[in-house]
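Visitor: The structure is given below, and queries will be raised subsequently.
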Amino acid sequence: MSDAAARFAEIAGDAHVLTGAAVPEDYAHDEALPAVPCRPAFLARPGNAREVAELLRTAGEFGIPVTARGSGTGLSGAARPREDGLVISFERMNAVLEIDTVNHVAVVQPGVTLAELDERAAAAGLRYPVHPGELSASLGGNVGTNAGGMRAVKYGVTRHNVVGLQAVLPTGEIIRTGGRTSKVSTGYDLTQLIIGSEGTLALATEVIVRLHPRLPHDATVLAPFADVEAVLTAVPDILSGGLEPHILEYLDAQTLTAISEHEKLSLGVPESVRASAQAYLLVALENRDRDRLRADVDELGVLLDRLGASDVYVLEGGAARRLVRARENSFWTAKAVGADDVIDVVVPRAAMPEFLRRARETARSRGAAVAGCGHVGDGNVHLGVFCPDPRERKELLTEVFSLGMELGGAISGEHGLGRTKSEYFRALEDPVKIALMRRIKDGFDPAGILNPGVLFPDPGRADDHPAP
Ligand SMILES: Cc1cc2nc3c(=O)[nH]c(=O)nc-3n(C[C@H](O)[C@H](O)[C@H](O)COP(=O)(O)OP(=O)(O)OC[C@H]3O[C@@H](n4cnc5c(N)ncnc54)[C@H](O)[C@@H]3O)c2cc1C
C-alpha cells in the first residue's frame with residue numbers, strides 16, 4: 001500500500017478506502033455520453049466532515065487531485081476522476097439530520113438522495129421542490145451542478161433553494177455559509193459561489209434547503225401543436241396568465257414518439273392528431289383545493305385552444321405520472337436510440353424559436369440531427385445530438401453553443417460544464433470573466449487539487465474534449 005493510501009485508510013478506516021483495481025468501475029464515470037471513463041487510484045468513503053477535511057489536507061500534501069462524487073448521475077463528466085486521483089464519495093454521509101417545520105428547512109448530509117429527502121419531507125406535509133429527472137441524484141451533487149429540473153419554472157433551481165452549507169475547503173478548513181435565515185447581507189455570498197462550482201472550490205458536507213408546502217392535488221395536460229413555433233410562442237401567455245404551472249415542458253414529435261415507444265406509453269392521442277403534430281406542450285398544475293384545480297385546468301384548456309393547440313388531453317393519475325416519468329427519463333431514451341451527446345443550452349425564452357430553428361438547420365447542413373425536449377418555461381433546451389464523427393460533432397457543438405450565447409444564453413442551463421463542455425466554455429466565454437473565475441479558484445484552492453480539468457485546464461494534460 002502506498003504512503004498516501006495508508007494515510008487515507010488511517011483517516012476514513014480500512015474498510016472505507018479502496019485502491020487500484022479494487023475500485024469498482026462505477027466510480028470511473030458519471031452518465032455523460034461522451035466522457036471517457038477513468039478509474040481513480042484511490043476511493044475514500046468518509047463518514048463525517050472532519051474525515052473529509054483530513055482527506056483533503058492529506059491529498060494536498062501528496063499533490064493528489066480530488067474528485068467529489070455524489071450518485072454519479074451527472075451529465076457533464078464532472079464526477080469523472082483522474083487516474084492518479086482520489087474520489088471522495090459521500091455515500092456514507094447520507095442522513096437527513098433535521099426537518100425543521102418552523103423555519104421550513106431541511107438539514108441534510110450531502111449523500112442523501114432526492115428520493116430519500118422527498119420521503120422525509122412528505123411525512124411533514126412539505127416538499128423540497130428541486131426535481132431533476134434522476135431522483136437517485138444526491139443533494140451534494142445537486143449543489144455541485146446547480147441542478148434544475150422540471151419544477152424550476154415555479155420553484156427555481158438548486159441555487160434558489162439552498163440557504164446554507166457546511167463546506168470543507170481544499171486546504172482542510174471547515175466553514176459554514178448562510179444558515180436557516182431567509183435573508184442575509186453580510187459580505188460575499190459564499191453559498192452561491194460554491195453552488196454550481198462542480199467540485200472545484202469546496203466540498204459540501206451539510207446542506208440546508210428550503211422546504212415548501214406539499215400541495216395535494218395536481219393535474220397534467222398534454223397539448224399537441226401542428227407548428228413548433230406556436231408551441232414556443234404560447235409559453236409567455238401561459239406564464240403571464242397566472243396559472244403558475246409547476247411543470248411546463250416542450251417535446252418535439254420525434255421525442256414524444258421515441259419516449260412513448262421506449263416506455264410503452266399509451267397517451268390516448270388519436271393517430272390523426274399525432275400525424276399532424278410537430279410538437280407537444282406538457283403542462284402540470286397543482287393546488288391545495290380540488291375544485292380550484294379543476295377550474296384552473298378548464299381555463300388552461302381554453303387558453304391552449306386559443307393559442308393554437310390541435311387538441312387538449314387531461315391525463316389522469318397513472319397516465320400523467322407515467323408521461324412525466326418518461327419525460328424525466330428522456331435521457332435514457334436518447335441514449336438508447338444512439339444519441340452521441342445530450343446538450344442543455346439555455347436561452348432567453350423569447351429566443352427559443354430562433355435557437356431551435358437555427359440549431360436544427362446547422363445540424364442538417366452538417367448531415368447531423370438534433371432532436372429533443374426541454375424546460376420550455378426556463379428557455380432550457382435539451383437536445384440529443386446525432387453526429388457520430390467526433391471532429392464534426394465538435395464543430396457542430398461549437399456552432400450551436402455560439403448561437404445560444406449570441407442569443408443571450410449560455411452553454412448549459414443545469415448540467416454544468418464538467419469535462420465534456422469546459423473547453424467550449426473557455427473558447428467562447430469572455431476572457432476577462434474566465435480570468436476572474438481563475439482568481440476565485442486560486443483563492444479557494446491554491447494547490448489546484450479540486451477536480452483539475454473541470455472548468456480550467458489540467459496543467460500539463462490534454463483536454464478530454466478539446467474544442468476545434
Ligand atoms: C435520467 C437523468 C435525468 C436527469 N435530469 C436532470 C434534470 O432534469 N435537471 C438537472 O439539472 N440534471 C439532470 N440530470 C443530471 C444529474 O442528475 C444532476 O446533475 C445531479 O445534480 C447530479 O447529482 P449526483 O449526486 O449524481 O452528482 P455527481 O454526478 O456524483 O456529481 C456532480 C458534480 O457535483 C460534484 N459534487 C458531488 N458531491 C459534491 C459535494 N458534496 N460537494 C461539492 N461538489 C460535489 C461532483 O464533483 C461533480 O462535479 C439527469 C440525469 C439523468 C441520468
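As shown in the C-alpha cells, the chain order sets the letters A, B, ...; within each chain, residues go from 1, and ligands are also counted from 1 in the order they appear.
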Name each residue within 7 Å of ligand 1, counting only C-alpha atoms and all ligand atoms, as a PDB file with N, CA and C atoms, in the first residue's frame.

Guide:
```pdb
ATOM      1  N   ASP A  30     -19.443   9.278 -14.835  1.00  0.00           N
ATOM      2  CA  ASP A  30     -20.829   9.604 -14.480  1.00  0.00           C
ATOM      3  C   ASP A  30     -21.660   9.166 -15.684  1.00  0.00           C
ATOM      4  N   GLU A  31     -22.778   9.856 -15.978  1.00  0.00           N
ATOM      5  CA  GLU A  31     -23.623   9.401 -17.097  1.00  0.00           C
ATOM      6  C   GLU A  31     -23.390  10.201 -18.392  1.00  0.00           C
ATOM      7  N   THR A  67     -11.662  14.294  -6.715  1.00  0.00           N
ATOM      8  CA  THR A  67     -12.969  14.487  -7.345  1.00  0.00           C
ATOM      9  C   THR A  67     -14.043  14.038  -6.372  1.00  0.00           C
ATOM     10  N   ALA A  68     -14.977  14.959  -6.072  1.00  0.00           N
ATOM     11  CA  ALA A  68     -16.103  14.597  -5.205  1.00  0.00           C
ATOM     12  C   ALA A  68     -17.112  13.828  -6.030  1.00  0.00           C
ATOM     13  N   ARG A  69     -17.795  12.901  -5.360  1.00  0.00           N
ATOM     14  CA  ARG A  69     -18.818  12.128  -6.052  1.00  0.00           C
ATOM     15  C   ARG A  69     -20.046  11.967  -5.179  1.00  0.00           C
ATOM     16  N   GLY A  70     -21.217  12.270  -5.793  1.00  0.00           N
ATOM     17  CA  GLY A  70     -22.476  12.020  -5.115  1.00  0.00           C
ATOM     18  C   GLY A  70     -22.989  10.674  -5.591  1.00  0.00           C
ATOM     19  N   SER A  71     -23.969  10.697  -6.524  1.00  0.00           N
ATOM     20  CA  SER A  71     -24.500   9.437  -7.058  1.00  0.00           C
ATOM     21  C   SER A  71     -23.982   9.134  -8.466  1.00  0.00           C
ATOM     22  N   GLY A  72     -23.185  10.026  -9.034  1.00  0.00           N
ATOM     23  CA  GLY A  72     -22.621   9.766 -10.371  1.00  0.00           C
ATOM     24  C   GLY A  72     -23.655   9.820 -11.480  1.00  0.00           C
ATOM     25  N   THR A  73     -24.720  10.609 -11.303  1.00  0.00           N
ATOM     26  CA  THR A  73     -25.742  10.714 -12.356  1.00  0.00           C
ATOM     27  C   THR A  73     -25.543  11.962 -13.228  1.00  0.00           C
ATOM     28  N   GLY A  74     -24.469  12.690 -12.984  1.00  0.00           N
ATOM     29  CA  GLY A  74     -24.213  13.925 -13.735  1.00  0.00           C
ATOM     30  C   GLY A  74     -24.094  13.662 -15.231  1.00  0.00           C
ATOM     31  N   LEU A  75     -24.368  14.696 -16.026  1.00  0.00           N
ATOM     32  CA  LEU A  75     -24.375  14.535 -17.488  1.00  0.00           C
ATOM     33  C   LEU A  75     -23.275  15.352 -18.158  1.00  0.00           C
ATOM     34  N   ALA A  78     -18.378  15.730 -14.873  1.00  0.00           N
ATOM     35  CA  ALA A  78     -17.726  16.468 -13.778  1.00  0.00           C
ATOM     36  C   ALA A  78     -17.304  15.551 -12.639  1.00  0.00           C
ATOM     37  N   ALA A  79     -17.910  14.372 -12.531  1.00  0.00           N
ATOM     38  CA  ALA A  79     -17.528  13.445 -11.457  1.00  0.00           C
ATOM     39  C   ALA A  79     -16.559  12.377 -11.979  1.00  0.00           C
ATOM     40  N   PHE A  90     -19.582  10.465  -1.167  1.00  0.00           N
ATOM     41  CA  PHE A  90     -20.354  10.853   0.023  1.00  0.00           C
ATOM     42  C   PHE A  90     -21.442   9.842   0.387  1.00  0.00           C
ATOM     43  N   PRO A 110     -24.573  15.394   2.470  1.00  0.00           N
ATOM     44  CA  PRO A 110     -24.543  15.501   1.003  1.00  0.00           C
ATOM     45  C   PRO A 110     -24.929  14.229   0.260  1.00  0.00           C
ATOM     46  N   HIS A 131     -36.288  19.225  -8.690  1.00  0.00           N
ATOM     47  CA  HIS A 131     -36.668  17.897  -9.143  1.00  0.00           C
ATOM     48  C   HIS A 131     -36.001  17.551 -10.469  1.00  0.00           C
ATOM     49  N   PRO A 132     -34.649  17.446 -10.473  1.00  0.00           N
ATOM     50  CA  PRO A 132     -34.030  16.964 -11.707  1.00  0.00           C
ATOM     51  C   PRO A 132     -34.519  15.548 -11.956  1.00  0.00           C
ATOM     52  N   GLY A 133     -34.531  15.131 -13.225  1.00  0.00           N
ATOM     53  CA  GLY A 133     -35.202  13.893 -13.586  1.00  0.00           C
ATOM     54  C   GLY A 133     -34.734  12.656 -12.850  1.00  0.00           C
ATOM     55  N   GLU A 134     -33.524  12.672 -12.302  1.00  0.00           N
ATOM     56  CA  GLU A 134     -32.981  11.448 -11.713  1.00  0.00           C
ATOM     57  C   GLU A 134     -33.010  11.566 -10.189  1.00  0.00           C
ATOM     58  N   ALA A 137     -30.138  11.053  -7.633  1.00  0.00           N
ATOM     59  CA  ALA A 137     -29.069  12.056  -7.503  1.00  0.00           C
ATOM     60  C   ALA A 137     -29.003  12.520  -6.053  1.00  0.00           C
ATOM     61  N   SER A 138     -27.809  12.937  -5.638  1.00  0.00           N
ATOM     62  CA  SER A 138     -27.620  13.341  -4.239  1.00  0.00           C
ATOM     63  C   SER A 138     -27.724  14.858  -4.101  1.00  0.00           C
ATOM     64  N   LEU A 139     -27.986  15.299  -2.870  1.00  0.00           N
ATOM     65  CA  LEU A 139     -28.058  16.740  -2.618  1.00  0.00           C
ATOM     66  C   LEU A 139     -26.682  17.385  -2.824  1.00  0.00           C
ATOM     67  N   GLY A 140     -25.612  16.672  -2.454  1.00  0.00           N
ATOM     68  CA  GLY A 140     -24.262  17.213  -2.686  1.00  0.00           C
ATOM     69  C   GLY A 140     -24.000  17.398  -4.170  1.00  0.00           C
ATOM     70  N   GLY A 141     -24.420  16.407  -4.963  1.00  0.00           N
ATOM     71  CA  GLY A 141     -24.255  16.513  -6.426  1.00  0.00           C
ATOM     72  C   GLY A 141     -25.100  17.638  -6.992  1.00  0.00           C
ATOM     73  N   ASN A 142     -26.306  17.797  -6.452  1.00  0.00           N
ATOM     74  CA  ASN A 142     -27.177  18.901  -6.899  1.00  0.00           C
ATOM     75  C   ASN A 142     -26.514  20.250  -6.617  1.00  0.00           C
ATOM     76  N   VAL A 143     -25.859  20.351  -5.458  1.00  0.00           N
ATOM     77  CA  VAL A 143     -25.127  21.587  -5.151  1.00  0.00           C
ATOM     78  C   VAL A 143     -23.990  21.757  -6.173  1.00  0.00           C
ATOM     79  N   GLY A 144     -23.292  20.656  -6.444  1.00  0.00           N
ATOM     80  CA  GLY A 144     -22.167  20.715  -7.392  1.00  0.00           C
ATOM     81  C   GLY A 144     -22.577  21.231  -8.759  1.00  0.00           C
ATOM     82  N   THR A 145     -23.741  20.783  -9.246  1.00  0.00           N
ATOM     83  CA  THR A 145     -24.133  21.154 -10.617  1.00  0.00           C
ATOM     84  C   THR A 145     -25.137  22.297 -10.680  1.00  0.00           C
ATOM     85  N   ASN A 146     -25.630  22.758  -9.509  1.00  0.00           N
ATOM     86  CA  ASN A 146     -26.771  23.687  -9.507  1.00  0.00           C
ATOM     87  C   ASN A 146     -27.922  23.067 -10.312  1.00  0.00           C
ATOM     88  N   ALA A 147     -28.320  21.878  -9.885  1.00  0.00           N
ATOM     89  CA  ALA A 147     -29.329  21.112 -10.635  1.00  0.00           C
ATOM     90  C   ALA A 147     -30.648  21.885 -10.749  1.00  0.00           C
ATOM     91  N   GLY A 148     -31.336  21.634 -11.854  1.00  0.00           N
ATOM     92  CA  GLY A 148     -32.614  22.312 -12.112  1.00  0.00           C
ATOM     93  C   GLY A 148     -33.741  21.300 -12.152  1.00  0.00           C
ATOM     94  N   GLY A 149     -34.234  21.021 -13.365  1.00  0.00           N
ATOM     95  CA  GLY A 149     -35.320  20.043 -13.485  1.00  0.00           C
ATOM     96  C   GLY A 149     -36.630  20.718 -13.804  1.00  0.00           C
ATOM     97  N   MET A 150     -37.667  19.874 -13.884  1.00  0.00           N
ATOM     98  CA  MET A 150     -38.942  20.341 -14.431  1.00  0.00           C
ATOM     99  C   MET A 150     -39.642  21.384 -13.582  1.00  0.00           C
ATOM    100  N   GLU A 198     -19.102  22.674  -9.399  1.00  0.00           N
ATOM    101  CA  GLU A 198     -18.731  21.339  -9.907  1.00  0.00           C
ATOM    102  C   GLU A 198     -17.523  20.740  -9.176  1.00  0.00           C
ATOM    103  N   GLY A 199     -17.541  20.911  -7.855  1.00  0.00           N
ATOM    104  CA  GLY A 199     -16.477  20.290  -7.051  1.00  0.00           C
ATOM    105  C   GLY A 199     -15.112  20.902  -7.268  1.00  0.00           C
ATOM    106  N   ALA A 202     -14.892  23.823  -3.193  1.00  0.00           N
ATOM    107  CA  ALA A 202     -15.017  23.298  -1.827  1.00  0.00           C
ATOM    108  C   ALA A 202     -15.996  22.136  -1.876  1.00  0.00           C
ATOM    109  N   LEU A 203     -15.954  21.270  -0.857  1.00  0.00           N
ATOM    110  CA  LEU A 203     -16.875  20.130  -0.840  1.00  0.00           C
ATOM    111  C   LEU A 203     -17.931  20.332   0.245  1.00  0.00           C
ATOM    112  N   ALA A 204     -19.194  20.206  -0.154  1.00  0.00           N
ATOM    113  CA  ALA A 204     -20.296  20.404   0.791  1.00  0.00           C
ATOM    114  C   ALA A 204     -20.424  19.174   1.679  1.00  0.00           C
ATOM    115  N   THR A 205     -20.449  19.388   2.997  1.00  0.00           N
ATOM    116  CA  THR A 205     -20.606  18.270   3.928  1.00  0.00           C
ATOM    117  C   THR A 205     -21.933  18.349   4.678  1.00  0.00           C
ATOM    118  N   GLU A 328     -38.896  12.623 -17.779  1.00  0.00           N
ATOM    119  CA  GLU A 328     -37.697  12.680 -16.938  1.00  0.00           C
ATOM    120  C   GLU A 328     -36.644  11.688 -17.416  1.00  0.00           C
ATOM    121  N   ASN A 329     -37.121  10.580 -17.946  1.00  0.00           N
ATOM    122  CA  ASN A 329     -36.204   9.536 -18.419  1.00  0.00           C
ATOM    123  C   ASN A 329     -35.761   9.746 -19.857  1.00  0.00           C
ATOM    124  N   SER A 330     -36.079  10.897 -20.439  1.00  0.00           N
ATOM    125  CA  SER A 330     -35.805  11.050 -21.877  1.00  0.00           C
ATOM    126  C   SER A 330     -34.311  10.916 -22.180  1.00  0.00           C
ATOM    127  N   PHE A 331     -33.468  11.167 -21.165  1.00  0.00           N
ATOM    128  CA  PHE A 331     -32.034  10.968 -21.391  1.00  0.00           C
ATOM    129  C   PHE A 331     -31.755   9.507 -21.769  1.00  0.00           C
ATOM    130  N   TRP A 332     -32.427   8.572 -21.037  1.00  0.00           N
ATOM    131  CA  TRP A 332     -32.167   7.141 -21.318  1.00  0.00           C
ATOM    132  C   TRP A 332     -32.689   6.780 -22.703  1.00  0.00           C
ATOM    133  N   GLU A 414     -28.217  23.666 -16.740  1.00  0.00           N
ATOM    134  CA  GLU A 414     -28.295  22.921 -15.473  1.00  0.00           C
ATOM    135  C   GLU A 414     -27.352  21.722 -15.381  1.00  0.00           C
ATOM    136  N   HIS A 415     -26.854  21.224 -16.494  1.00  0.00           N
ATOM    137  CA  HIS A 415     -25.989  20.037 -16.404  1.00  0.00           C
ATOM    138  C   HIS A 415     -24.559  20.393 -16.024  1.00  0.00           C
ATOM    139  N   GLY A 418     -18.387  20.389 -16.655  1.00  0.00           N
ATOM    140  CA  GLY A 418     -17.649  19.141 -16.445  1.00  0.00           C
ATOM    141  C   GLY A 418     -16.446  19.014 -17.344  1.00  0.00           C
ATOM    142  N   ASN A 451     -10.716  18.771  -8.582  1.00  0.00           N
ATOM    143  CA  ASN A 451     -11.249  18.499  -9.923  1.00  0.00           C
ATOM    144  C   ASN A 451     -10.517  19.212 -11.057  1.00  0.00           C
TER     145      ASN A 451
END
```

Visitor: Could you pull the residues within 8 Å of Leu169 (chain A), counting only C-alpha atoms, minus those fewer than 4 positions along the same chain, as a count of residues only?

Guide: 10

Visitor: Taking the DSSP secondary structure from the backbone, can you list the residues of region 19-227 of chain A that are alpha helix (DSSP H), as JSON, numbers by chain?

Guide: {"A": [49, 50, 51, 52, 53, 54, 55, 56, 57, 58, 59, 60, 61, 62, 114, 115, 116, 117, 118, 119, 120, 121, 122, 123, 139, 140, 141, 142, 143, 144, 145, 152, 153, 154, 155, 158, 159, 160, 161, 190, 191, 192, 193, 194]}

Visitor: Atoms to include: N, CA and C atoms. Write the selected residues as a CSV table (one decimal), in the first residue's frame.

Guide:
```csv
chain,number,residue,atom,x,y,z
A,49,ALA,N,-17.5,15.3,8.3
A,49,ALA,CA,-16.8,16.4,7.8
A,49,ALA,C,-15.3,16.4,8.2
A,50,ARG,N,-15.0,16.0,9.4
A,50,ARG,CA,-13.7,16.0,9.9
A,50,ARG,C,-12.8,15.1,9.0
A,51,GLU,N,-13.4,13.9,8.7
A,51,GLU,CA,-12.6,13.0,7.8
A,51,GLU,C,-12.4,13.6,6.4
A,52,VAL,N,-13.4,14.3,5.9
A,52,VAL,CA,-13.3,14.9,4.6
A,52,VAL,C,-12.1,15.9,4.7
A,53,ALA,N,-12.1,16.7,5.8
A,53,ALA,CA,-11.1,17.7,5.9
A,53,ALA,C,-9.7,17.1,5.9
A,54,GLU,N,-9.6,16.0,6.7
A,54,GLU,CA,-8.3,15.3,6.8
A,54,GLU,C,-7.8,14.7,5.4
A,55,LEU,N,-8.8,14.1,4.7
A,55,LEU,CA,-8.5,13.6,3.4
A,55,LEU,C,-8.0,14.6,2.5
A,56,LEU,N,-8.7,15.8,2.5
A,56,LEU,CA,-8.3,16.9,1.6
A,56,LEU,C,-6.9,17.4,2.0
A,57,ARG,N,-6.7,17.6,3.3
A,57,ARG,CA,-5.4,18.1,3.7
A,57,ARG,C,-4.3,17.1,3.2
A,58,THR,N,-4.5,15.8,3.4
A,58,THR,CA,-3.5,14.8,3.0
A,58,THR,C,-3.3,14.8,1.5
A,59,ALA,N,-4.4,14.8,0.8
A,59,ALA,CA,-4.3,14.9,-0.7
A,59,ALA,C,-3.5,16.1,-1.1
A,60,GLY,N,-3.7,17.2,-0.5
A,60,GLY,CA,-2.9,18.4,-0.8
A,60,GLY,C,-1.4,18.2,-0.5
A,61,GLU,N,-1.1,17.5,0.6
A,61,GLU,CA,0.3,17.2,0.9
A,61,GLU,C,0.9,16.4,-0.1
A,62,PHE,N,0.2,15.4,-0.7
A,62,PHE,CA,0.8,14.5,-1.7
A,62,PHE,C,0.6,15.0,-3.1
A,114,LEU,N,-32.4,12.6,-3.6
A,114,LEU,CA,-33.6,13.4,-3.7
A,114,LEU,C,-34.8,12.5,-3.3
A,115,ALA,N,-34.8,11.2,-3.6
A,115,ALA,CA,-35.9,10.4,-3.3
A,115,ALA,C,-36.0,10.2,-1.7
A,116,GLU,N,-34.9,10.1,-1.1
A,116,GLU,CA,-34.9,10.0,0.4
A,116,GLU,C,-35.4,11.3,1.1
A,117,LEU,N,-34.9,12.4,0.6
A,117,LEU,CA,-35.4,13.7,1.2
A,117,LEU,C,-36.9,13.9,0.9
A,118,ASP,N,-37.3,13.5,-0.2
A,118,ASP,CA,-38.7,13.6,-0.6
A,118,ASP,C,-39.6,12.8,0.4
A,119,GLU,N,-39.2,11.6,0.7
A,119,GLU,CA,-39.9,10.8,1.6
A,119,GLU,C,-40.0,11.4,3.0
A,120,ARG,N,-38.9,11.9,3.5
A,120,ARG,CA,-38.9,12.6,4.8
A,120,ARG,C,-39.7,13.8,4.8
A,121,ALA,N,-39.6,14.7,3.8
A,121,ALA,CA,-40.3,15.9,3.8
A,121,ALA,C,-41.8,15.7,3.6
A,122,ALA,N,-42.2,14.6,2.9
A,122,ALA,CA,-43.6,14.3,2.7
A,122,ALA,C,-44.3,14.0,4.0
A,123,ALA,N,-43.5,13.3,4.9
A,123,ALA,CA,-44.1,12.9,6.2
A,123,ALA,C,-44.5,14.2,7.0
A,139,LEU,N,-28.0,15.3,-2.9
A,139,LEU,CA,-28.1,16.7,-2.6
A,139,LEU,C,-26.7,17.4,-2.8
A,140,GLY,N,-25.6,16.7,-2.5
A,140,GLY,CA,-24.3,17.2,-2.7
A,140,GLY,C,-24.0,17.4,-4.2
A,141,GLY,N,-24.4,16.4,-5.0
A,141,GLY,CA,-24.3,16.5,-6.4
A,141,GLY,C,-25.1,17.6,-7.0
A,142,ASN,N,-26.3,17.8,-6.5
A,142,ASN,CA,-27.2,18.9,-6.9
A,142,ASN,C,-26.5,20.2,-6.6
A,143,VAL,N,-25.9,20.4,-5.5
A,143,VAL,CA,-25.1,21.6,-5.2
A,143,VAL,C,-24.0,21.8,-6.2
A,144,GLY,N,-23.3,20.7,-6.4
A,144,GLY,CA,-22.2,20.7,-7.4
A,144,GLY,C,-22.6,21.2,-8.8
A,145,THR,N,-23.7,20.8,-9.2
A,145,THR,CA,-24.1,21.2,-10.6
A,145,THR,C,-25.1,22.3,-10.7
A,152,ALA,N,-38.5,23.8,-11.9
A,152,ALA,CA,-37.8,25.1,-11.8
A,152,ALA,C,-38.6,26.3,-12.3
A,153,VAL,N,-39.6,26.0,-13.2
A,153,VAL,CA,-40.4,27.1,-13.8
A,153,VAL,C,-41.2,27.7,-12.6
A,154,LYS,N,-41.5,27.0,-11.6
A,154,LYS,CA,-42.3,27.6,-10.5
A,154,LYS,C,-41.4,27.8,-9.3
A,155,TYR,N,-40.5,26.9,-9.0
A,155,TYR,CA,-39.8,26.9,-7.7
A,155,TYR,C,-38.3,27.3,-7.8
A,158,THR,N,-31.5,24.7,-7.8
A,158,THR,CA,-30.9,24.5,-6.5
A,158,THR,C,-30.4,25.8,-5.9
A,159,ARG,N,-29.8,26.7,-6.7
A,159,ARG,CA,-29.4,28.0,-6.2
A,159,ARG,C,-30.4,28.7,-5.4
A,160,HIS,N,-31.7,28.6,-5.8
A,160,HIS,CA,-32.8,29.4,-5.2
A,160,HIS,C,-33.3,28.6,-3.9
A,161,ASN,N,-32.9,27.4,-3.7
A,161,ASN,CA,-33.5,26.6,-2.6
A,161,ASN,C,-32.4,26.1,-1.6
A,190,LEU,N,-20.9,33.2,-0.1
A,190,LEU,CA,-20.1,32.0,-0.4
A,190,LEU,C,-20.9,30.8,-0.8
A,191,THR,N,-22.2,30.7,-0.2
A,191,THR,CA,-23.0,29.6,-0.6
A,191,THR,C,-23.2,29.6,-2.1
A,192,GLN,N,-23.5,30.8,-2.6
A,192,GLN,CA,-23.8,30.8,-4.1
A,192,GLN,C,-22.6,30.6,-4.9
A,193,LEU,N,-21.4,30.9,-4.4
A,193,LEU,CA,-20.2,30.7,-5.2
A,193,LEU,C,-19.9,29.2,-5.3
A,194,ILE,N,-20.2,28.5,-4.2
A,194,ILE,CA,-19.9,27.0,-4.1
A,194,ILE,C,-20.9,26.3,-5.0
```

Visitor: Excluding Glu406 (chain A) and its own-chain neighbours fewer than 4 positions away, which residues fall within 12 Å of it when counting only C-alpha atoms? Please give them as a PyMOL selection string.

Guide: chain A and resi 345-348+351+354-355+358+398-402+410-411+428-429

Visitor: Using only C-alpha atoms, pick whichever of A:Cys373, A:Lys264, A:Ser276, A:Leu304 has the shortest atom-to-atom distance to Leu251 (chain A).

Guide: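 The shortest atom-to-atom distance to Leu251 (chain A) comes from A:Cys373.
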